[in-house]
$ cat final_29.cif   # mmCIF, C-alpha atoms and all ligand atoms
data_start
loop_
_atom_site.group_PDB
_atom_site.id
_atom_site.type_symbol
_atom_site.label_atom_id
_atom_site.label_comp_id
_atom_site.auth_asym_id
_atom_site.auth_seq_id
_atom_site.Cartn_x
_atom_site.Cartn_y
_atom_site.Cartn_z
ATOM 1 C CA MET A 528 -70.539 25.378 -126.773
ATOM 2 C CA ALA A 529 -70.687 27.833 -129.710
ATOM 3 C CA GLU A 530 -67.483 29.817 -130.260
ATOM 4 C CA PRO A 531 -67.604 33.618 -129.838
ATOM 5 C CA ILE A 532 -68.240 35.531 -133.060
ATOM 6 C CA TYR A 533 -66.419 38.751 -132.119
ATOM 7 C CA ARG A 534 -62.860 39.622 -131.120
ATOM 8 C CA ARG A 535 -63.566 43.029 -129.531
ATOM 9 C CA VAL A 536 -66.890 44.591 -128.525
ATOM 10 C CA VAL A 537 -68.288 47.616 -126.760
ATOM 11 C CA ILE A 538 -71.090 46.833 -124.335
ATOM 12 C CA LYS A 539 -73.483 49.659 -123.532
ATOM 13 C CA LEU A 540 -75.216 49.461 -120.147
ATOM 14 C CA SER A 541 -77.863 51.949 -119.139
ATOM 15 C CA GLY A 542 -77.248 53.668 -115.836
ATOM 16 C CA GLU A 543 -80.891 53.071 -114.973
ATOM 17 C CA TYR A 544 -80.244 49.341 -114.886
ATOM 18 C CA LEU A 545 -77.621 49.762 -112.139
ATOM 19 C CA ALA A 546 -80.313 51.185 -109.854
ATOM 20 C CA GLY A 547 -81.930 47.748 -109.628
ATOM 21 C CA SER A 548 -85.479 48.001 -108.245
ATOM 22 C CA HIS A 549 -84.754 51.299 -106.412
ATOM 23 C CA GLY A 550 -85.075 53.504 -109.499
ATOM 24 C CA PHE A 551 -82.192 55.695 -108.302
ATOM 25 C CA GLY A 552 -78.554 55.258 -107.338
ATOM 26 C CA ILE A 553 -76.348 52.192 -107.383
ATOM 27 C CA ASP A 554 -77.734 48.816 -106.297
ATOM 28 C CA GLN A 555 -74.759 46.700 -105.251
ATOM 29 C CA PRO A 556 -76.265 43.251 -105.980
ATOM 30 C CA THR A 557 -77.117 44.455 -109.501
ATOM 31 C CA VAL A 558 -73.598 45.816 -110.009
ATOM 32 C CA ASP A 559 -72.154 42.493 -108.807
ATOM 33 C CA ARG A 560 -74.376 40.530 -111.170
ATOM 34 C CA ILE A 561 -73.396 42.665 -114.141
ATOM 35 C CA ALA A 562 -69.737 42.333 -113.143
ATOM 36 C CA ASP A 563 -70.159 38.524 -113.227
ATOM 37 C CA ASP A 564 -71.656 38.723 -116.726
ATOM 38 C CA LEU A 565 -68.856 40.969 -117.996
ATOM 39 C CA ILE A 566 -66.195 38.700 -116.499
ATOM 40 C CA ALA A 567 -67.836 35.666 -118.131
ATOM 41 C CA ALA A 568 -67.799 37.525 -121.463
ATOM 42 C CA ARG A 569 -64.099 38.361 -121.024
ATOM 43 C CA LYS A 570 -63.395 34.695 -120.260
ATOM 44 C CA LEU A 571 -64.733 33.776 -123.694
ATOM 45 C CA GLY A 572 -61.533 35.394 -124.978
ATOM 46 C CA ILE A 573 -63.244 38.551 -126.207
ATOM 47 C CA GLU A 574 -61.872 42.020 -125.524
ATOM 48 C CA VAL A 575 -64.571 43.881 -123.636
ATOM 49 C CA ALA A 576 -64.947 47.651 -123.363
ATOM 50 C CA VAL A 577 -67.970 49.008 -121.501
ATOM 51 C CA VAL A 578 -69.816 52.306 -121.782
ATOM 52 C CA ILE A 579 -72.196 53.017 -118.901
ATOM 53 C CA GLY A 580 -74.899 55.648 -118.798
ATOM 54 C CA GLY A 581 -75.699 57.876 -115.858
ATOM 55 C CA GLY A 582 -79.492 57.916 -115.838
ATOM 56 C CA ASN A 583 -79.599 56.293 -112.379
ATOM 57 C CA ILE A 584 -78.017 59.480 -110.976
ATOM 58 C CA VAL A 585 -78.380 62.484 -113.303
ATOM 59 C CA ARG A 586 -79.721 63.090 -116.799
ATOM 60 C CA GLY A 587 -78.745 66.492 -118.163
ATOM 61 C CA VAL A 588 -82.071 67.188 -119.748
ATOM 62 C CA GLU A 589 -83.919 66.574 -116.456
ATOM 63 C CA VAL A 590 -81.740 68.798 -114.260
ATOM 64 C CA SER A 591 -81.647 71.521 -116.902
ATOM 65 C CA SER A 592 -85.444 71.764 -116.697
ATOM 66 C CA ARG A 593 -84.927 72.683 -113.030
ATOM 67 C CA GLY A 594 -82.730 75.748 -113.495
ATOM 68 C CA VAL A 595 -79.186 74.807 -114.530
ATOM 69 C CA SER A 596 -78.117 75.231 -118.144
ATOM 70 C CA ARG A 597 -78.239 72.200 -120.420
ATOM 71 C CA PRO A 598 -74.440 72.028 -120.858
ATOM 72 C CA THR A 599 -73.998 72.133 -117.067
ATOM 73 C CA GLY A 600 -76.683 69.498 -116.596
ATOM 74 C CA ASP A 601 -75.034 67.332 -119.218
ATOM 75 C CA THR A 602 -71.682 67.729 -117.489
ATOM 76 C CA MET A 603 -73.346 66.506 -114.293
ATOM 77 C CA GLY A 604 -74.688 63.543 -116.279
ATOM 78 C CA MET A 605 -71.240 62.753 -117.653
ATOM 79 C CA LEU A 606 -69.796 62.851 -114.133
ATOM 80 C CA ALA A 607 -72.543 60.440 -113.060
ATOM 81 C CA THR A 608 -71.284 57.954 -115.650
ATOM 82 C CA MET A 609 -67.862 58.130 -113.966
ATOM 83 C CA MET A 610 -69.392 57.130 -110.626
ATOM 84 C CA ASN A 611 -71.010 54.132 -112.287
ATOM 85 C CA CYS A 612 -67.702 53.165 -113.909
ATOM 86 C CA LEU A 613 -65.913 53.291 -110.577
ATOM 87 C CA ALA A 614 -68.608 51.158 -108.912
ATOM 88 C CA LEU A 615 -68.386 48.561 -111.679
ATOM 89 C CA GLU A 616 -64.583 48.652 -111.802
ATOM 90 C CA ALA A 617 -64.447 47.967 -108.059
ATOM 91 C CA ALA A 618 -66.891 45.051 -108.373
ATOM 92 C CA ILE A 619 -64.995 43.484 -111.297
ATOM 93 C CA GLU A 620 -61.623 43.792 -109.537
ATOM 94 C CA ARG A 621 -63.012 42.447 -106.253
ATOM 95 C CA LYS A 622 -63.956 39.319 -108.198
ATOM 96 C CA GLY A 623 -60.351 38.930 -109.372
ATOM 97 C CA THR A 624 -60.508 40.263 -112.938
ATOM 98 C CA PRO A 625 -58.447 43.360 -113.774
ATOM 99 C CA ALA A 626 -60.378 46.390 -114.984
ATOM 100 C CA ARG A 627 -59.504 49.963 -115.825
ATOM 101 C CA THR A 628 -61.644 53.080 -116.085
ATOM 102 C CA LEU A 629 -60.668 55.642 -118.715
ATOM 103 C CA SER A 630 -62.337 59.043 -118.708
ATOM 104 C CA ALA A 631 -63.309 61.438 -121.482
ATOM 105 C CA PHE A 632 -62.182 64.245 -119.119
ATOM 106 C CA VAL A 633 -58.851 65.052 -117.581
ATOM 107 C CA MET A 634 -59.229 63.980 -113.936
ATOM 108 C CA PRO A 635 -55.813 62.530 -113.119
ATOM 109 C CA GLU A 636 -56.479 61.807 -109.457
ATOM 110 C CA ILE A 637 -59.403 59.592 -110.434
ATOM 111 C CA SER A 638 -58.745 58.048 -113.819
ATOM 112 C CA GLU A 639 -56.546 58.082 -116.859
ATOM 113 C CA LEU A 640 -57.756 59.991 -119.910
ATOM 114 C CA PHE A 641 -59.387 57.942 -122.676
ATOM 115 C CA THR A 642 -57.099 57.460 -125.637
ATOM 116 C CA ARG A 643 -57.177 54.778 -128.282
ATOM 117 C CA SER A 644 -53.673 53.660 -127.395
ATOM 118 C CA ALA A 645 -54.460 53.280 -123.677
ATOM 119 C CA THR A 646 -57.603 51.337 -124.542
ATOM 120 C CA HIS A 647 -55.708 48.992 -126.898
ATOM 121 C CA LYS A 648 -53.035 48.439 -124.244
ATOM 122 C CA TYR A 649 -55.421 47.612 -121.415
ATOM 123 C CA LEU A 650 -57.619 45.398 -123.570
ATOM 124 C CA ALA A 651 -54.534 43.516 -124.777
ATOM 125 C CA GLU A 652 -53.555 43.002 -121.112
ATOM 126 C CA GLY A 653 -56.880 41.257 -120.588
ATOM 127 C CA ARG A 654 -58.524 44.026 -118.605
ATOM 128 C CA ILE A 655 -62.165 44.975 -118.896
ATOM 129 C CA VAL A 656 -62.022 48.643 -119.889
ATOM 130 C CA LEU A 657 -64.730 50.999 -118.622
ATOM 131 C CA LEU A 658 -65.140 54.150 -120.689
ATOM 132 C CA GLY A 659 -66.558 56.945 -118.534
ATOM 133 C CA GLY A 660 -67.553 60.554 -119.079
ATOM 134 C CA GLY A 661 -69.555 59.954 -122.252
ATOM 135 C CA THR A 662 -68.120 61.658 -125.316
ATOM 136 C CA GLY A 663 -66.975 64.541 -123.094
ATOM 137 C CA ASN A 664 -69.456 66.850 -124.847
ATOM 138 C CA PRO A 665 -72.927 68.031 -123.870
ATOM 139 C CA PHE A 666 -75.980 67.243 -126.007
ATOM 140 C CA PHE A 667 -74.835 63.671 -126.668
ATOM 141 C CA THR A 668 -75.845 60.399 -125.038
ATOM 142 C CA THR A 669 -73.939 57.384 -123.865
ATOM 143 C CA ASP A 670 -75.572 55.380 -126.694
ATOM 144 C CA THR A 671 -73.762 57.651 -129.131
ATOM 145 C CA THR A 672 -70.643 57.341 -126.962
ATOM 146 C CA ALA A 673 -70.763 53.541 -127.276
ATOM 147 C CA VAL A 674 -70.905 53.702 -131.069
ATOM 148 C CA LEU A 675 -68.227 56.411 -131.227
ATOM 149 C CA ARG A 676 -65.837 54.495 -128.980
ATOM 150 C CA ALA A 677 -66.510 51.236 -130.827
ATOM 151 C CA ALA A 678 -65.599 52.910 -134.118
ATOM 152 C CA GLU A 679 -62.516 54.519 -132.590
ATOM 153 C CA ILE A 680 -61.120 51.328 -131.059
ATOM 154 C CA GLY A 681 -62.033 49.041 -133.948
ATOM 155 C CA ALA A 682 -64.675 46.972 -132.146
ATOM 156 C CA GLN A 683 -66.761 44.668 -134.324
ATOM 157 C CA ALA A 684 -70.090 45.396 -132.643
ATOM 158 C CA VAL A 685 -71.943 47.400 -130.026
ATOM 159 C CA LEU A 686 -74.010 45.326 -127.625
ATOM 160 C CA LYS A 687 -76.804 47.494 -126.270
ATOM 161 C CA ALA A 688 -78.092 45.904 -123.065
ATOM 162 C CA THR A 689 -81.650 46.942 -122.150
ATOM 163 C CA ASN A 690 -84.702 45.758 -120.245
ATOM 164 C CA VAL A 691 -86.357 44.322 -123.355
ATOM 165 C CA ASP A 692 -85.249 41.579 -125.711
ATOM 166 C CA GLY A 693 -84.804 43.730 -128.801
ATOM 167 C CA VAL A 694 -86.254 46.586 -130.810
ATOM 168 C CA TYR A 695 -90.058 46.863 -130.826
ATOM 169 C CA SER A 696 -92.379 49.040 -132.908
ATOM 170 C CA ALA A 697 -93.775 50.457 -129.627
ATOM 171 C CA ASP A 698 -93.148 49.983 -125.916
ATOM 172 C CA PRO A 699 -94.073 46.302 -125.384
ATOM 173 C CA LYS A 700 -94.848 47.012 -121.716
ATOM 174 C CA LYS A 701 -97.571 49.483 -122.754
ATOM 175 C CA ASP A 702 -98.736 48.223 -126.146
ATOM 176 C CA PRO A 703 -99.598 44.504 -126.462
ATOM 177 C CA LYS A 704 -99.635 44.874 -130.278
ATOM 178 C CA ALA A 705 -95.994 46.051 -130.374
ATOM 179 C CA LYS A 706 -94.059 44.112 -133.022
ATOM 180 C CA ARG A 707 -90.569 42.826 -132.279
ATOM 181 C CA PHE A 708 -87.916 42.951 -135.010
ATOM 182 C CA ASP A 709 -85.224 40.280 -135.411
ATOM 183 C CA ARG A 710 -83.280 42.452 -137.799
ATOM 184 C CA LEU A 711 -83.342 46.064 -139.003
ATOM 185 C CA THR A 712 -81.075 48.201 -141.137
ATOM 186 C CA HIS A 713 -79.648 51.332 -139.542
ATOM 187 C CA SER A 714 -81.833 53.401 -141.865
ATOM 188 C CA GLN A 715 -84.971 51.495 -140.822
ATOM 189 C CA ALA A 716 -84.072 52.033 -137.161
ATOM 190 C CA ILE A 717 -83.690 55.784 -137.751
ATOM 191 C CA GLU A 718 -86.806 56.122 -139.880
ATOM 192 C CA GLY A 719 -88.867 54.054 -137.421
ATOM 193 C CA GLY A 720 -87.939 56.448 -134.603
ATOM 194 C CA TYR A 721 -87.705 53.507 -132.211
ATOM 195 C CA LYS A 722 -87.040 54.737 -128.708
ATOM 196 C CA VAL A 723 -84.477 52.099 -127.760
ATOM 197 C CA MET A 724 -81.528 54.162 -128.984
ATOM 198 C CA ASP A 725 -81.159 57.714 -130.227
ATOM 199 C CA ALA A 726 -80.981 58.556 -133.916
ATOM 200 C CA THR A 727 -77.481 60.057 -133.597
ATOM 201 C CA ALA A 728 -76.172 56.717 -132.367
ATOM 202 C CA PHE A 729 -77.843 54.811 -135.221
ATOM 203 C CA ALA A 730 -76.600 57.367 -137.771
ATOM 204 C CA LEU A 731 -73.011 57.079 -136.578
ATOM 205 C CA ALA A 732 -73.282 53.292 -136.646
ATOM 206 C CA ARG A 733 -74.553 53.474 -140.228
ATOM 207 C CA GLU A 734 -71.698 55.797 -141.171
ATOM 208 C CA THR A 735 -69.114 53.495 -139.601
ATOM 209 C CA SER A 736 -70.821 50.190 -140.663
ATOM 210 C CA LEU A 737 -71.081 49.011 -137.070
ATOM 211 C CA PRO A 738 -73.682 46.422 -136.128
ATOM 212 C CA ILE A 739 -75.671 47.091 -132.950
ATOM 213 C CA ILE A 740 -77.252 44.203 -131.102
ATOM 214 C CA VAL A 741 -80.098 45.206 -128.801
ATOM 215 C CA PHE A 742 -80.842 42.575 -126.161
ATOM 216 C CA SER A 743 -82.166 42.084 -122.640
ATOM 217 C CA ILE A 744 -79.693 41.841 -119.807
ATOM 218 C CA ALA A 745 -82.341 40.602 -117.367
ATOM 219 C CA GLU A 746 -81.193 36.971 -117.508
ATOM 220 C CA PRO A 747 -77.734 36.248 -116.044
ATOM 221 C CA GLY A 748 -75.392 35.082 -118.819
ATOM 222 C CA SER A 749 -77.209 37.041 -121.533
ATOM 223 C CA ILE A 750 -74.071 38.947 -122.624
ATOM 224 C CA GLY A 751 -72.185 35.675 -123.125
ATOM 225 C CA ALA A 752 -75.098 34.212 -125.095
ATOM 226 C CA ILE A 753 -75.122 37.185 -127.480
ATOM 227 C CA LEU A 754 -71.350 36.930 -127.910
ATOM 228 C CA ARG A 755 -71.601 33.230 -128.787
ATOM 229 C CA GLY A 756 -74.403 33.990 -131.249
ATOM 230 C CA THR A 757 -76.934 31.957 -129.269
ATOM 231 C CA GLY A 758 -78.715 34.885 -127.586
ATOM 232 C CA HIS A 759 -81.965 36.585 -128.484
ATOM 233 C CA GLY A 760 -81.714 40.165 -129.682
ATOM 234 C CA THR A 761 -82.401 42.525 -132.562
ATOM 235 C CA VAL A 762 -79.481 42.991 -134.924
ATOM 236 C CA VAL A 763 -79.306 46.487 -136.434
ATOM 237 C CA ALA A 764 -76.866 46.317 -139.319
ATOM 238 C CA GLY A 765 -76.290 47.062 -142.948
HETATM 239 N N1 LIG B 1 -74.091 62.935 -121.475
HETATM 240 C C1 LIG B 1 -73.576 63.976 -122.240
HETATM 241 N N2 LIG B 1 -72.719 63.693 -123.262
HETATM 242 C C2 LIG B 1 -72.348 62.429 -123.585
HETATM 243 C C3 LIG B 1 -72.908 61.359 -122.821
HETATM 244 C C4 LIG B 1 -73.778 61.649 -121.783
HETATM 245 O O1 LIG B 1 -73.879 65.139 -121.993
HETATM 246 O O2 LIG B 1 -71.553 62.246 -124.511
HETATM 247 C C5 LIG B 1 -74.920 63.262 -120.294
HETATM 248 C C6 LIG B 1 -76.371 63.550 -120.626
HETATM 249 O O3 LIG B 1 -76.816 64.568 -119.757
HETATM 250 C C7 LIG B 1 -77.055 62.251 -120.278
HETATM 251 C C8 LIG B 1 -76.270 61.776 -119.088
HETATM 252 O O4 LIG B 1 -74.927 62.166 -119.395
HETATM 253 O O5 LIG B 1 -78.412 62.434 -119.943
HETATM 254 C C9 LIG B 1 -76.332 60.307 -118.810
HETATM 255 O O6 LIG B 1 -76.175 59.570 -119.993
HETATM 256 P P1 LIG B 1 -77.387 58.742 -120.661
HETATM 257 O O7 LIG B 1 -78.665 59.526 -120.581
HETATM 258 O O8 LIG B 1 -76.936 58.307 -121.997
HETATM 259 O O9 LIG B 1 -77.462 57.524 -119.658
HETATM 260 P P2 LIG B 1 -78.419 56.224 -119.638
HETATM 261 O O10 LIG B 1 -79.788 56.656 -120.102
HETATM 262 O O11 LIG B 1 -77.831 55.221 -120.562
HETATM 263 O O12 LIG B 1 -78.370 55.781 -118.213
#
$ encode --input "final_29.cif" --output "structure tokens"
Amino acid sequence: MAEPIYRRVVIKLSGEYLAGSHGFGIDQPTVDRIADDLIAARKLGIEVAVVIGGGNIVRGVEVSSRGVSRPTGDTMGMLATMMNCLALEAAIERKGTPARTLSAFVMPEISELFTRSATHKYLAEGRIVLLGGGTGNPFFTTDTTAVLRAAEIGAQAVLKATNVDGVYSADPKKDPKAKRFDRLTHSQAIEGGYKVMDATAFALARETSLPIIVFSIAEPGSIGAILRGTGHGTVVAG
């Protein structure tokens, strides 16, 4: 079996994925399956921090079109990411692996505040660390959060788990001529305007020289395969 190529990573999961086939909310079998994949990744000896989106519950931009202000809508979205963290933390711990949710907000009854030192400590203890609450600021996304946290905690890569097996020139589900890229520079990803991740996230990754690997999480074990360098994804680097 190929040895893992990273020591510490941040894995970005979209909230939408946690909804399973329902399109909304938290689908327990999906959460359990993702928990299995994360635990398998941890067992490779890699320190695993996870950033989860909230799109399965609330996206700020959607609720703000219905009457609340964008910052309030975004705060609702950031709180949604906390719910997803707690669901995943519970699933991971139920399976016997320690996990810990850290929040971008002060909410002491629910979770400890994110700090670099707390993250280092819990990762060193072998816990899977779930980073909730996004960046703590409106107008950002959890993709940007994943890159920001990876840079802050000295991770070697961001693994962006999606429904497709990499970055395409167009949506491959709608356009049969869409071209898949094996490799892109950060600048090419920004200039191409590819929808898979927002430009702020790519720009911060370029600034901090962080590789992003975009891959499909549809197959069980796909996170482990990417970590061993045997998976199929688009590498955005350099
Ligand atoms: N969000 C935010 N600031 C952040 C991260 C997230 O305001 O730093 C809000 C924003 O409203 C976003 C929502 O949280 O729509 C859920 O995050 P995201 O859309 O990234 O989730 P995903 O699409 O990955 O499920």
$ residues_around --input "final_29.cif" --residues "Pro738 (chain A)" --least-positions-apart "3" --cutoff "8 Å" --atoms "all atoms listed in the file" --output "number ranges by chain"
A: 683-685, 732, 762-765
$ write_last_selection --input "final_29.cif" --atoms "C-alpha atoms" --output "mmCIF file, in the coordinates of the input"
data_model
loop_
_atom_site.group_PDB
_atom_site.id
_atom_site.type_symbol
_atom_site.label_atom_id
_atom_site.label_comp_id
_atom_site.auth_asym_id
_atom_site.auth_seq_id
_atom_site.Cartn_x
_atom_site.Cartn_y
_atom_site.Cartn_z
ATOM 1 C CA GLN A 683 -66.761 44.668 -134.324
ATOM 2 C CA ALA A 684 -70.090 45.396 -132.643
ATOM 3 C CA VAL A 685 -71.943 47.400 -130.026
ATOM 4 C CA ALA A 732 -73.282 53.292 -136.646
ATOM 5 C CA VAL A 762 -79.481 42.991 -134.924
ATOM 6 C CA VAL A 763 -79.306 46.487 -136.434
ATOM 7 C CA ALA A 764 -76.866 46.317 -139.319
ATOM 8 C CA GLY A 765 -76.290 47.062 -142.948
#
$ closest_atom_pairs --input "final_29.cif" --of "chain A" --to "ligand LIG 1 (chain B)" --cutoff "9 Å" --atoms "all atoms listed in the file" --output "tab-separated table"
residue	atom	partner	partner_atom	distance
A:Lys539	CA	B:LIG1	O11	7.7
A:Leu540	CA	B:LIG1	O11	6.3
A:Ser541	CA	B:LIG1	O11	3.6
A:Gly542	CA	B:LIG1	O12	3.4
A:Glu543	CA	B:LIG1	O12	4.9
A:Tyr544	CA	B:LIG1	O12	7.5
A:Leu545	CA	B:LIG1	O12	8.6
A:Val578	CA	B:LIG1	O11	8.6
A:Ile579	CA	B:LIG1	O11	6.3
A:Gly580	CA	B:LIG1	O9	3.3
A:Gly581	CA	B:LIG1	C9	3.9
A:Gly582	CA	B:LIG1	O12	3.4
A:Asn583	CA	B:LIG1	O12	6.0
A:Ile584	CA	B:LIG1	C9	8.1
A:Val585	CA	B:LIG1	C8	6.2
A:Arg586	CA	B:LIG1	O5	3.5
A:Gly587	CA	B:LIG1	O3	3.2
A:Val588	CA	B:LIG1	O3	5.9
A:Glu589	CA	B:LIG1	O5	7.7
A:Val590	CA	B:LIG1	O3	8.5
A:Ser591	CA	B:LIG1	O3	8.9
A:Arg597	CA	B:LIG1	O3	7.8
A:Pro598	CA	B:LIG1	O1	7.0
A:Thr599	CA	B:LIG1	O3	8.5
A:Gly600	CA	B:LIG1	O3	5.9
A:Asp601	CA	B:LIG1	O3	3.3
A:Thr602	CA	B:LIG1	O1	5.6
A:Met603	CA	B:LIG1	O3	6.8
A:Gly604	CA	B:LIG1	O4	3.4
A:Met605	CA	B:LIG1	O4	4.1
A:Leu606	CA	B:LIG1	O4	7.4
A:Ala607	CA	B:LIG1	C9	6.9
A:Thr608	CA	B:LIG1	C9	6.4
A:Ala631	CA	B:LIG1	O2	8.8
A:Gly659	CA	B:LIG1	C3	8.8
A:Gly660	CA	B:LIG1	C3	6.6
A:Gly661	CA	B:LIG1	C3	3.7
A:Thr662	CA	B:LIG1	O2	3.6
A:Gly663	CA	B:LIG1	O2	5.3
A:Asn664	CA	B:LIG1	N2	4.8
A:Pro665	CA	B:LIG1	O1	3.6
A:Phe666	CA	B:LIG1	O1	5.0
A:Phe667	CA	B:LIG1	N2	4.0
A:Thr668	CA	B:LIG1	C3	3.8
A:Thr669	CA	B:LIG1	O8	3.7
A:Asp670	CA	B:LIG1	O8	5.7
A:Thr671	CA	B:LIG1	O2	6.9
A:Thr672	CA	B:LIG1	O2	5.6
$ write_last_selection --input "final_29.cif" --atoms "C-alpha atoms" --output "PDB file, keeping the file's coordinate frame"
ATOM      1  CA  LYS A 539     -73.483  49.659-123.532  1.00  0.00           C
ATOM      2  CA  LEU A 540     -75.216  49.461-120.147  1.00  0.00           C
ATOM      3  CA  SER A 541     -77.863  51.949-119.139  1.00  0.00           C
ATOM      4  CA  GLY A 542     -77.248  53.668-115.836  1.00  0.00           C
ATOM      5  CA  GLU A 543     -80.891  53.071-114.973  1.00  0.00           C
ATOM      6  CA  TYR A 544     -80.244  49.341-114.886  1.00  0.00           C
ATOM      7  CA  LEU A 545     -77.621  49.762-112.139  1.00  0.00           C
ATOM      8  CA  VAL A 578     -69.816  52.306-121.782  1.00  0.00           C
ATOM      9  CA  ILE A 579     -72.196  53.017-118.901  1.00  0.00           C
ATOM     10  CA  GLY A 580     -74.899  55.648-118.798  1.00  0.00           C
ATOM     11  CA  GLY A 581     -75.699  57.876-115.858  1.00  0.00           C
ATOM     12  CA  GLY A 582     -79.492  57.916-115.838  1.00  0.00           C
ATOM     13  CA  ASN A 583     -79.599  56.293-112.379  1.00  0.00           C
ATOM     14  CA  ILE A 584     -78.017  59.480-110.976  1.00  0.00           C
ATOM     15  CA  VAL A 585     -78.380  62.484-113.303  1.00  0.00           C
ATOM     16  CA  ARG A 586     -79.721  63.090-116.799  1.00  0.00           C
ATOM     17  CA  GLY A 587     -78.745  66.492-118.163  1.00  0.00           C
ATOM     18  CA  VAL A 588     -82.071  67.188-119.748  1.00  0.00           C
ATOM     19  CA  GLU A 589     -83.919  66.574-116.456  1.00  0.00           C
ATOM     20  CA  VAL A 590     -81.740  68.798-114.260  1.00  0.00           C
ATOM     21  CA  SER A 591     -81.647  71.521-116.902  1.00  0.00           C
ATOM     22  CA  ARG A 597     -78.239  72.200-120.420  1.00  0.00           C
ATOM     23  CA  PRO A 598     -74.440  72.028-120.858  1.00  0.00           C
ATOM     24  CA  THR A 599     -73.998  72.133-117.067  1.00  0.00           C
ATOM     25  CA  GLY A 600     -76.683  69.498-116.596  1.00  0.00           C
ATOM     26  CA  ASP A 601     -75.034  67.332-119.218  1.00  0.00           C
ATOM     27  CA  THR A 602     -71.682  67.729-117.489  1.00  0.00           C
ATOM     28  CA  MET A 603     -73.346  66.506-114.293  1.00  0.00           C
ATOM     29  CA  GLY A 604     -74.688  63.543-116.279  1.00  0.00           C
ATOM     30  CA  MET A 605     -71.240  62.753-117.653  1.00  0.00           C
ATOM     31  CA  LEU A 606     -69.796  62.851-114.133  1.00  0.00           C
ATOM     32  CA  ALA A 607     -72.543  60.440-113.060  1.00  0.00           C
ATOM     33  CA  THR A 608     -71.284  57.954-115.650  1.00  0.00           C
ATOM     34  CA  ALA A 631     -63.309  61.438-121.482  1.00  0.00           C
ATOM     35  CA  GLY A 659     -66.558  56.945-118.534  1.00  0.00           C
ATOM     36  CA  GLY A 660     -67.553  60.554-119.079  1.00  0.00           C
ATOM     37  CA  GLY A 661     -69.555  59.954-122.252  1.00  0.00           C
ATOM     38  CA  THR A 662     -68.120  61.658-125.316  1.00  0.00           C
ATOM     39  CA  GLY A 663     -66.975  64.541-123.094  1.00  0.00           C
ATOM     40  CA  ASN A 664     -69.456  66.850-124.847  1.00  0.00           C
ATOM     41  CA  PRO A 665     -72.927  68.031-123.870  1.00  0.00           C
ATOM     42  CA  PHE A 666     -75.980  67.243-126.007  1.00  0.00           C
ATOM     43  CA  PHE A 667     -74.835  63.671-126.668  1.00  0.00           C
ATOM     44  CA  THR A 668     -75.845  60.399-125.038  1.00  0.00           C
ATOM     45  CA  THR A 669     -73.939  57.384-123.865  1.00  0.00           C
ATOM     46  CA  ASP A 670     -75.572  55.380-126.694  1.00  0.00           C
ATOM     47  CA  THR A 671     -73.762  57.651-129.131  1.00  0.00           C
ATOM     48  CA  THR A 672     -70.643  57.341-126.962  1.00  0.00           C
TER      49      THR A 672
END
$ atom_distance --input "final_29.cif" --atom1 "CA of Ser749 (chain A)" --atom2 "CA of Val575 (chain A)"
14.5 Å
$ resolve_selection --input "final_29.cif" --expression "the PyMOL selection byres (((chain A and resi 724) around 12) and not hetatm)" --output "VMD selection string"
chain A and resid 539 to 541 667 to 674 685 to 689 693 to 695 713 716 to 717 719 to 723 725 to 732 739 to 742 763
$ closest_residue --input "final_29.cif" --among "A:Asp709, A:Asp692, A:Leu658, A:Ser638" --to "Ile750 (chain A)" --atoms "only C-alpha atoms"
A:Asp692
$ residues_around --input "final_29.cif" --residues "Ala651 (chain A)" --least-positions-apart "5" --cutoff "10 Å" --atoms "all atoms listed in the file" --output "list in words"
Glu574, Ala645 and Thr646 of chain A
$ residues_around --input "final_29.cif" --residues "Arg627 (chain A)" --least-positions-apart "2" --cutoff "10 Å" --atoms "all atoms listed in the file" --output "PyMOL selection string"
chain A and resi 576+612-613+615-617+619-620+625+629-630+638-639+645-646+649-650+654-658
$ write_last_selection --input "final_29.cif" --atoms "C-alpha atoms" --output "tab-separated table (two decimals), keeping the file's coordinate frame"
chain	number	residue	atom	x	y	z
A	576	ALA	CA	-64.95	47.65	-123.36
A	612	CYS	CA	-67.70	53.16	-113.91
A	613	LEU	CA	-65.91	53.29	-110.58
A	615	LEU	CA	-68.39	48.56	-111.68
A	616	GLU	CA	-64.58	48.65	-111.80
A	617	ALA	CA	-64.45	47.97	-108.06
A	619	ILE	CA	-65.00	43.48	-111.30
A	620	GLU	CA	-61.62	43.79	-109.54
A	625	PRO	CA	-58.45	43.36	-113.77
A	629	LEU	CA	-60.67	55.64	-118.72
A	630	SER	CA	-62.34	59.04	-118.71
A	638	SER	CA	-58.74	58.05	-113.82
A	639	GLU	CA	-56.55	58.08	-116.86
A	645	ALA	CA	-54.46	53.28	-123.68
A	646	THR	CA	-57.60	51.34	-124.54
A	649	TYR	CA	-55.42	47.61	-121.42
A	650	LEU	CA	-57.62	45.40	-123.57
A	654	ARG	CA	-58.52	44.03	-118.60
A	655	ILE	CA	-62.16	44.98	-118.90
A	656	VAL	CA	-62.02	48.64	-119.89
A	657	LEU	CA	-64.73	51.00	-118.62
A	658	LEU	CA	-65.14	54.15	-120.69
$ atom_distance --input "final_29.cif" --atom1 "CA of Tyr533 (chain A)" --atom2 "CA of Ala682 (chain A)"
8.4 Å
$ resolve_selection --input "final_29.cif" --expression "the PyMOL selection byres (((chain A and resi 746-748) around 9) and not hetatm)" --output "PyMOL selection string"
chain A and resi 560-561+563-565+567-568+743-745+749-753
